Amino acid sequence: MTPHIRKWLQAVAMLAGLGVLSGCNFFNPSGTGTYPSNDPDQLVDAGQRALNELRFSDAYGYFSKALLLDSTKSLAYHGLAKSELGKDGFSISKLVKLADTISNASDSA
């Protein structure tokens with residue numbers, strides 16, 4: 001398996017796992033204001049806004065910074081996975097084709 005495929009599978013697995021963990025907080029409501037670099041909640045909010053505006057690289061930066069400040073923010077992990085998928089332009093059709101390819105692969109390496 002190539003490193004690129006492995007990266008996508010890990011991102012999808014993280015996204016699926018965090019979707020279950022985040023429960024009802026799948027989306028963080030948008031507010032107004034500035035985003036100081038020392039407030040993880042505001043950084044997560046900024047990341048959610050960036051995702052809504054399809055600014056995936058910005059969102060990735062906000063979520064990454066939030067996690068550096070507080071590694072318990074499940075919404076930040078979830079957003080990080082979503083922004084990673086978005087910034088590289090990964091399509092769900094590629095995932096389906098990849099899953100079919102992997103399911104037909106032999107177990108010997």
# chains A, B, ... in the order shown; residues from 1 in each chain; ligands from 1

call {"tool": "residues_around", "arguments": {"residues": "Gly79 (chain A)", "least_positions_apart": "6", "cutoff": "8 Å", "atoms": "only C-alpha atoms", "output": "JSON, numbers by chain"}}
result
{"A": [44, 47, 48, 51, 59, 60, 63]}

call {"tool": "write_last_selection", "arguments": {"atoms": "C-alpha atoms", "output": "CSV table (one decimal), in the first residue's frame"}}
result
chain,number,residue,atom,x,y,z
A,44,VAL,CA,-12.1,25.4,16.9
A,47,GLY,CA,-11.7,26.2,12.0
A,48,GLN,CA,-15.4,25.4,11.6
A,51,LEU,CA,-14.5,24.6,6.7
A,59,ALA,CA,-9.2,25.2,8.8
A,60,TYR,CA,-6.3,22.7,9.2
A,63,PHE,CA,-7.6,22.9,14.3

call {"tool": "closest_residue", "arguments": {"among": "A:Leu68, A:Asp88, A:Val96, A:Ser83", "to": "Leu54 (chain A)", "atoms": "only C-alpha atoms"}}
result
A:Ser83

call {"tool": "atom_distance", "arguments": {"atom1": "CA of Leu80 (chain A)", "atom2": "CA of Asp41 (chain A)"}}
result
14.0 Å

call {"tool": "atom_distance", "arguments": {"atom1": "CA of Asp39 (chain A)", "atom2": "CA of Ser57 (chain A)"}}
result
19.4 Å

call {"tool": "atom_distance", "arguments": {"atom1": "CA of Leu69 (chain A)", "atom2": "CA of Gly89 (chain A)"}}
result
27.6 Å
